[in-house]
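Here's the structure we're looking at; comments come further down.
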Amino acid sequence: MEPHGFNARREGESVNLQMSIERISDSIRQLISSEPTVRRRYEQGEGLEQILSCSKWAATWQQSTDLAQVEVLTRILLRFAGLPFELEGLMKTGTVRHFLTGAEIRVAVARLRRSGILFAMRKAWGEQLIYLPADTFAMWQPLLLPVEYEALPEKDMREVSQSGKDFRLPLSLELLIAWHTIYRQPIAFTAKGALHRPAIARMAAKMRLIQRELDCLALTYPQSEQIPAQVALALDIGLHCGILCEKGNEIRISDCILETWLVLSPIEADLRLHELIMTRYGSVDPSLHLTASAVQSLPTMKWVMDESIKVMGEQEGKVDQWLDLMESFGWVDRGMYKGRPVFRKKDRLDPRLQSVPMRSETIFVQPDGEIFVPPETVLEQRWMLEEIAERVTADHLFVYRLTRDASIRAFNSGHSVQSVVAFLERNSGTSLPEPCLRALQDWFAPLIGIPPLEQIRRGPASSKAAEATATGAATDRLSKKEQGWIYRSHALSVYEADRTIPNKDELFPGMSSIPASWISQPRTYHKTTHKEIIHRAINWQAAVQIGQNSGQHSFTPVRLEEEDSSWRVYGQWLTEKGIVSVQADDIREIMILLPPLQELESI
C-alpha cells in the first residue's frame with residue numbers, strides 16, 4: 001500500500017487519443033475503421049491512432065464531410081476544447097457559422113463518434129460525457145479556427161523593443177535543475193503526510209520560476225499554502241512522467257525512467273513539455289487551451305502581433321496570460337512594435353529541429369577547470385555535470401567549474417576520478433587539460449579506499465537499443481501516466497467507455513411507428529395529424545417543412561399552444577431570426593426534416 005494517501009492525491013487524467021482508442025469496444029472500432037477517409041489508410045496498414053492524429057487525414061475528412069459535422073466540431077473547440085461535456089450543454093452553444101437543430105446536432109455527434117473524432121464515457125449512474133481527446137485539439141484548431149496573422153517584415157524587426165525581463169531558462173533545464181535537487185536529497189514526508197518544508201524551500205530556491213507566473217493555470221494541490229506553485233508543477237510533471245516516484249517515506253528519482261528522459265536533447269524535451277503543458281494544464285480552461293493551440297500553430301522566430309491569435313471574444317485576457325507563461329518557460333520572446341505588443345516563438349519549439357543530429361562532443365573544458373556547456377548539449381551530459389561539478393552560470397550558455405567540494409560529492413555519489421575524466425574527455429572530444437587532470441587526481445586521492453557515503457551513481461544509457469526506446473518511452477509517459485501532485489477536475493479515465501453509438505431509433509424514439517411519409521415528403525393531413533407531427537418534431541428537436549400559400553418553408557417548432565378549438569405553434573423560420581407563431585389554418589402541407597440517417601442504419 002502506498003503511504004500518505006498518495007492514491008487520494010492521484011487524480012484522473014483527461015483521456016488522450018491513444019487511451020480513447022484502447023478503451024472503445026470492438027464494434028465501435030470496426031465502425032471507425034469503415035469510415036471512408038479512415039478505411040483507405042487503414043487498409044494500407046496504418047493504425048487507428050496514427051490515422052486519427054494525422055493532420056493530412058483531418059484535412060481530407062474536413063473536405064469530404066458535411067457542414068453540420070464541421071459546425072458541431074467547431075462549437076466544441078470554442079466552448080469545450082478538450083473538456084468533457086454533456087449533449088445538452090452542446091445544444092445550448094451558440095451558432096458559429098450555421099444554424100443547426102437539436103436533431104442535426106445529435107446526428108452530427110453520432111457521426112463524429114463513428115469517425116473517431118469524438119469519444120464518450122458513461123458515469124456509474126449512466127450519464128454520458130462526450131469529449132474531444134485533448135491531444136487532438138491542436139490538430140483541429142488550425143483547420144476550423146485558423147489564426148490569421150501577419151509576421152513583421154524583416155526590415156521592421158529592428159524596431160521591436162524586447163521586454164526587459166531577465167533571461168529565462170527553457171522549462172526542460174529548469175526542471176532538470178529542480179529534479180536534481182531531489183536526486184541529491186529526496187523529499188521526505190512528515191508523520192502527518194506533508195512534505196518537509198525545508199526540502200520544499202531548497203527546491204524553490206533552485207528555480208527561477210515564481211508563483212505568480214503560473215497563476216493562469218489555476219493549479220490546485222495539497223499543501224498549497226506551504227508549497228509554491230512552481231515546486232508543485234515540478235513535482236506534478238515529474239510524478240506524471242514517472243521521473244519522480246513515491247518510495248517508502250520519500251519522493252525520489254525513479255532511476256529507470258530518468259534514463260528515458262536524459263537521452264533527449266533540450267529541444268526534444270521542451271517540445272514534449274510544451275504539449276504536456278497545453279493538454280494537462282492549459283486544457284482546464286477552453287479559451288486558454290484555444291490560445292495555446294493558436295500560438296502553437298504559428299511559425300518560430302517570426303514577430304507577430306499579440307492580437308492576431310484572438311479567434312474568439314472569450315479569449316480576452318487569456319492571450320497575455322498565456323504568452324507571459326510561455327515567456328517564463330523560456331519559449332517565447334515578447335516586445336513592443338510601434339506601441340503594440342508583439343511576440344515570437346523561439347526556435348526550440350520548432351519540431352523540425354528535433355530531428356537534427358546532436359554533436360557527440362558538445363562541452364568545452366578550460367585549463368582553469370571551467371566547463372562551457374552550449375545550448376545543444378543533451379540532458380544526460382548536463383545531469384552528469386550537475387553531479388561532478390559546481391554550476392556557476394545557468395544562462396544561454398551554462399558554465400560549470402571543477403572543485404574539491406564537487407569532487408567529494410561526486411565520490412559520495414559513486415564516481416571515481418577515472419569515470420569523471422573519461423566523461424569529460426569523451427564529451428569534449430579531447431584530452432583533459434593537464435591542470436584539470438592533476439586537480440582531480442589530488443581531490444579524489446585522499447578519498448581512495450574510503451567507501452562512498454551512497455552508491456547512487458547512474459550509468460549512462462549508452463546502448464543503441466536503449467536510445468531507440470527512450471524517446472518513445474518518455475513520450476508515452478508524458479501522454480499516458482495518470483499520477484501526479486496537482487488535482488485534476490475532470491477524471492474521465494475513471495469512467496467506463498461508452499460501448500455503443502446510438503442508432504436512428506435511439507436518436508429519434510418512435511420513428512419505426514410513424515408513417516414513412518411524415519419524414520419523406522410534405523403532404524396534407526387533418527389538423528389533428530398536423531398537430532401530432534409538430535409534437536413529434538418538437539420532441540425530436542427537429543425542423544418541419546411547412547407548405548403555405550406562399551410556398552414551402554423550413555420552420556423549427558419549439559412549443560405548441562391550444563386556442564379554443566384550434567392551436568398555434570411557436571418557433572423560428574430558417575431564414576429569419578426571432579420567434580414567430582404559425583396558426584393551424586395556415587399549414588397546408590407538412591413533413592419532418594431530419595438529417596441523412598443512412599450511415600446510422602448500420603450501427
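The chains in the C-alpha cells are called A, B, ... from first to last as shown; in each chain the residues are counted from 1, and the ligands are counted from 1 in the order shown.
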- strand (DSSP E or B) positions in stretch 154-288 of chain A, given as a PyMOL selection string: chain A and resi 161-162+187-189+195+244-247+250-253
- Who sits within 9 Å of stretch 584-599 of chain A, only C-alpha atoms, same chain under 2 positions skipped, as a VMD selection string: chain A and resid 103 to 104 107 to 108 111 503 to 504 517 to 525 527 530 to 531 533 to 534 536 to 537 542 to 549 552 554 566 to 569 582 601 to 603
For the selection just defined, write its residues with C-alpha atoms to a file, as a PDB file, in the first residue's frame.
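Final output, out-v6.pdb:
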ATOM      1  CA  ALA A 103     -31.748  16.748 -34.271  1.00  0.00           C
ATOM      2  CA  GLU A 104     -28.901  17.794 -36.556  1.00  0.00           C
ATOM      3  CA  VAL A 107     -26.802  13.075 -35.575  1.00  0.00           C
ATOM      4  CA  ALA A 108     -23.587  15.024 -36.112  1.00  0.00           C
ATOM      5  CA  ARG A 111     -21.295  10.603 -36.911  1.00  0.00           C
ATOM      6  CA  ASN A 503     -28.757   4.326 -33.959  1.00  0.00           C
ATOM      7  CA  LYS A 504     -31.596   6.242 -35.618  1.00  0.00           C
ATOM      8  CA  SER A 517     -44.484   9.915 -45.347  1.00  0.00           C
ATOM      9  CA  TRP A 518     -44.084  12.057 -42.216  1.00  0.00           C
ATOM     10  CA  ILE A 519     -40.337  12.200 -42.853  1.00  0.00           C
ATOM     11  CA  SER A 520     -40.178  11.665 -46.599  1.00  0.00           C
ATOM     12  CA  GLN A 521     -42.423  14.204 -48.352  1.00  0.00           C
ATOM     13  CA  PRO A 522     -44.751  17.094 -47.478  1.00  0.00           C
ATOM     14  CA  ARG A 523     -48.433  16.139 -47.523  1.00  0.00           C
ATOM     15  CA  THR A 524     -51.761  17.478 -46.441  1.00  0.00           C
ATOM     16  CA  TYR A 525     -53.278  15.821 -43.374  1.00  0.00           C
ATOM     17  CA  LYS A 527     -55.310  19.322 -38.475  1.00  0.00           C
ATOM     18  CA  HIS A 530     -50.582  18.173 -38.371  1.00  0.00           C
ATOM     19  CA  LYS A 531     -50.520  18.787 -34.639  1.00  0.00           C
ATOM     20  CA  ILE A 533     -46.435  15.734 -36.479  1.00  0.00           C
ATOM     21  CA  ILE A 534     -45.425  19.019 -34.875  1.00  0.00           C
ATOM     22  CA  ARG A 536     -43.161  14.715 -32.721  1.00  0.00           C
ATOM     23  CA  ALA A 537     -40.806  17.290 -34.289  1.00  0.00           C
ATOM     24  CA  ALA A 542     -36.248  18.693 -35.488  1.00  0.00           C
ATOM     25  CA  ALA A 543     -37.404  21.212 -38.082  1.00  0.00           C
ATOM     26  CA  VAL A 544     -40.506  20.793 -40.231  1.00  0.00           C
ATOM     27  CA  GLN A 545     -41.219  21.817 -43.781  1.00  0.00           C
ATOM     28  CA  ILE A 546     -44.447  23.731 -43.962  1.00  0.00           C
ATOM     29  CA  GLY A 547     -46.360  24.346 -47.173  1.00  0.00           C
ATOM     30  CA  GLN A 548     -48.293  27.616 -47.255  1.00  0.00           C
ATOM     31  CA  ASN A 549     -49.883  29.731 -49.925  1.00  0.00           C
ATOM     32  CA  GLN A 552     -42.575  25.701 -48.862  1.00  0.00           C
ATOM     33  CA  SER A 554     -38.429  25.344 -43.119  1.00  0.00           C
ATOM     34  CA  SER A 566     -57.655  25.413 -32.767  1.00  0.00           C
ATOM     35  CA  TRP A 567     -53.948  25.768 -31.966  1.00  0.00           C
ATOM     36  CA  ARG A 568     -50.816  27.650 -32.993  1.00  0.00           C
ATOM     37  CA  VAL A 569     -47.141  26.673 -32.992  1.00  0.00           C
ATOM     38  CA  VAL A 582     -47.978  29.898 -37.144  1.00  0.00           C
ATOM     39  CA  GLU A 601     -28.663   2.313 -40.004  1.00  0.00           C
ATOM     40  CA  SER A 602     -25.554   0.127 -39.781  1.00  0.00           C
ATOM     41  CA  ILE A 603     -24.861   0.905 -36.125  1.00  0.00           C
TER      42      ILE A 603
END
- Task: Determine which residues of stretch 262-345 of chain A receive a DSSP assignment of alpha helix (DSSP H), computed from the backbone, and state them as a ChimeraX atom specification.
- Result: /A:262,266-276,286-296,318-328
Go ahead and save the picked residues with C-alpha atoms, as a PDB file, in the first residue's frame.
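File written: out11.pdb
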ATOM      1  CA  LEU A 262      18.072  12.120 -20.181  1.00  0.00           C
ATOM      2  CA  PRO A 266      16.685  20.118 -24.601  1.00  0.00           C
ATOM      3  CA  ILE A 267      14.707  20.856 -27.781  1.00  0.00           C
ATOM      4  CA  GLU A 268      13.130  17.399 -27.789  1.00  0.00           C
ATOM      5  CA  ALA A 269      12.351  17.712 -24.089  1.00  0.00           C
ATOM      6  CA  ASP A 270      10.796  21.166 -24.478  1.00  0.00           C
ATOM      7  CA  LEU A 271       8.599  20.051 -27.377  1.00  0.00           C
ATOM      8  CA  ARG A 272       7.195  17.248 -25.222  1.00  0.00           C
ATOM      9  CA  LEU A 273       6.807  19.548 -22.241  1.00  0.00           C
ATOM     10  CA  HIS A 274       5.036  22.136 -24.379  1.00  0.00           C
ATOM     11  CA  GLU A 275       2.450  19.570 -25.433  1.00  0.00           C
ATOM     12  CA  LEU A 276       2.069  18.430 -21.830  1.00  0.00           C
ATOM     13  CA  PRO A 286     -11.173  26.186 -23.057  1.00  0.00           C
ATOM     14  CA  SER A 287     -10.247  29.763 -24.003  1.00  0.00           C
ATOM     15  CA  LEU A 288      -6.733  29.267 -22.597  1.00  0.00           C
ATOM     16  CA  HIS A 289      -6.425  25.985 -24.483  1.00  0.00           C
ATOM     17  CA  LEU A 290      -7.541  27.705 -27.678  1.00  0.00           C
ATOM     18  CA  THR A 291      -4.969  30.440 -27.139  1.00  0.00           C
ATOM     19  CA  ALA A 292      -2.236  27.874 -26.515  1.00  0.00           C
ATOM     20  CA  SER A 293      -3.110  25.976 -29.670  1.00  0.00           C
ATOM     21  CA  ALA A 294      -3.220  29.187 -31.707  1.00  0.00           C
ATOM     22  CA  VAL A 295       0.296  30.041 -30.542  1.00  0.00           C
ATOM     23  CA  GLN A 296       1.486  26.529 -31.343  1.00  0.00           C
ATOM     24  CA  LYS A 318      -6.002  34.868 -21.922  1.00  0.00           C
ATOM     25  CA  VAL A 319      -3.573  35.842 -24.685  1.00  0.00           C
ATOM     26  CA  ASP A 320      -1.474  37.995 -22.375  1.00  0.00           C
ATOM     27  CA  GLN A 321      -1.591  35.365 -19.620  1.00  0.00           C
ATOM     28  CA  TRP A 322      -0.505  32.527 -21.888  1.00  0.00           C
ATOM     29  CA  LEU A 323       2.285  34.498 -23.520  1.00  0.00           C
ATOM     30  CA  ASP A 324       3.559  35.522 -20.080  1.00  0.00           C
ATOM     31  CA  LEU A 325       3.605  31.849 -19.122  1.00  0.00           C
ATOM     32  CA  MET A 326       5.396  30.886 -22.324  1.00  0.00           C
ATOM     33  CA  GLU A 327       7.959  33.620 -21.718  1.00  0.00           C
ATOM     34  CA  SER A 328       8.590  32.385 -18.175  1.00  0.00           C
TER      35      SER A 328
END
- Message: So the first atom is atom CA of A:Ile51 and the second is atom CA of A:Ser115; what is the distance between them in Å, to one decimal place?
- Response: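 Value for the atom CA of A:Ile51-atom CA of A:Ser115 distance: 10.8 Å.
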- Message: List the spatial neighbours of stretch 17-28 of chain A as JSON, numbers by chain - criterion: any atom at most 9 Å away, only C-alpha atoms, same-chain residues fewer than 6 positions off excluded.
- Response: {"A": [48, 49, 52, 53, 113, 114, 116, 119, 120, 132, 133, 134, 135, 136, 479, 480, 493, 496, 497, 498, 499, 500, 501, 603]}
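Compared by their closest atoms to A:Arg409, and using only C-alpha atoms, the residues A:Met336, A:Ala422, A:Leu385, A:Cys54 rank with A:Leu385 nearest.
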- Query: So how far away is atom CA of A:Met91 from atom CA of A:Val147, in Å?
  - Reply: 26.0 Å
- Atom-to-atom span, atom CA of A:Ala410 and atom CA of A:Glu376, Å: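 Answer for the atom CA of A:Ala410 to atom CA of A:Glu376 separation: 24.2 Å.
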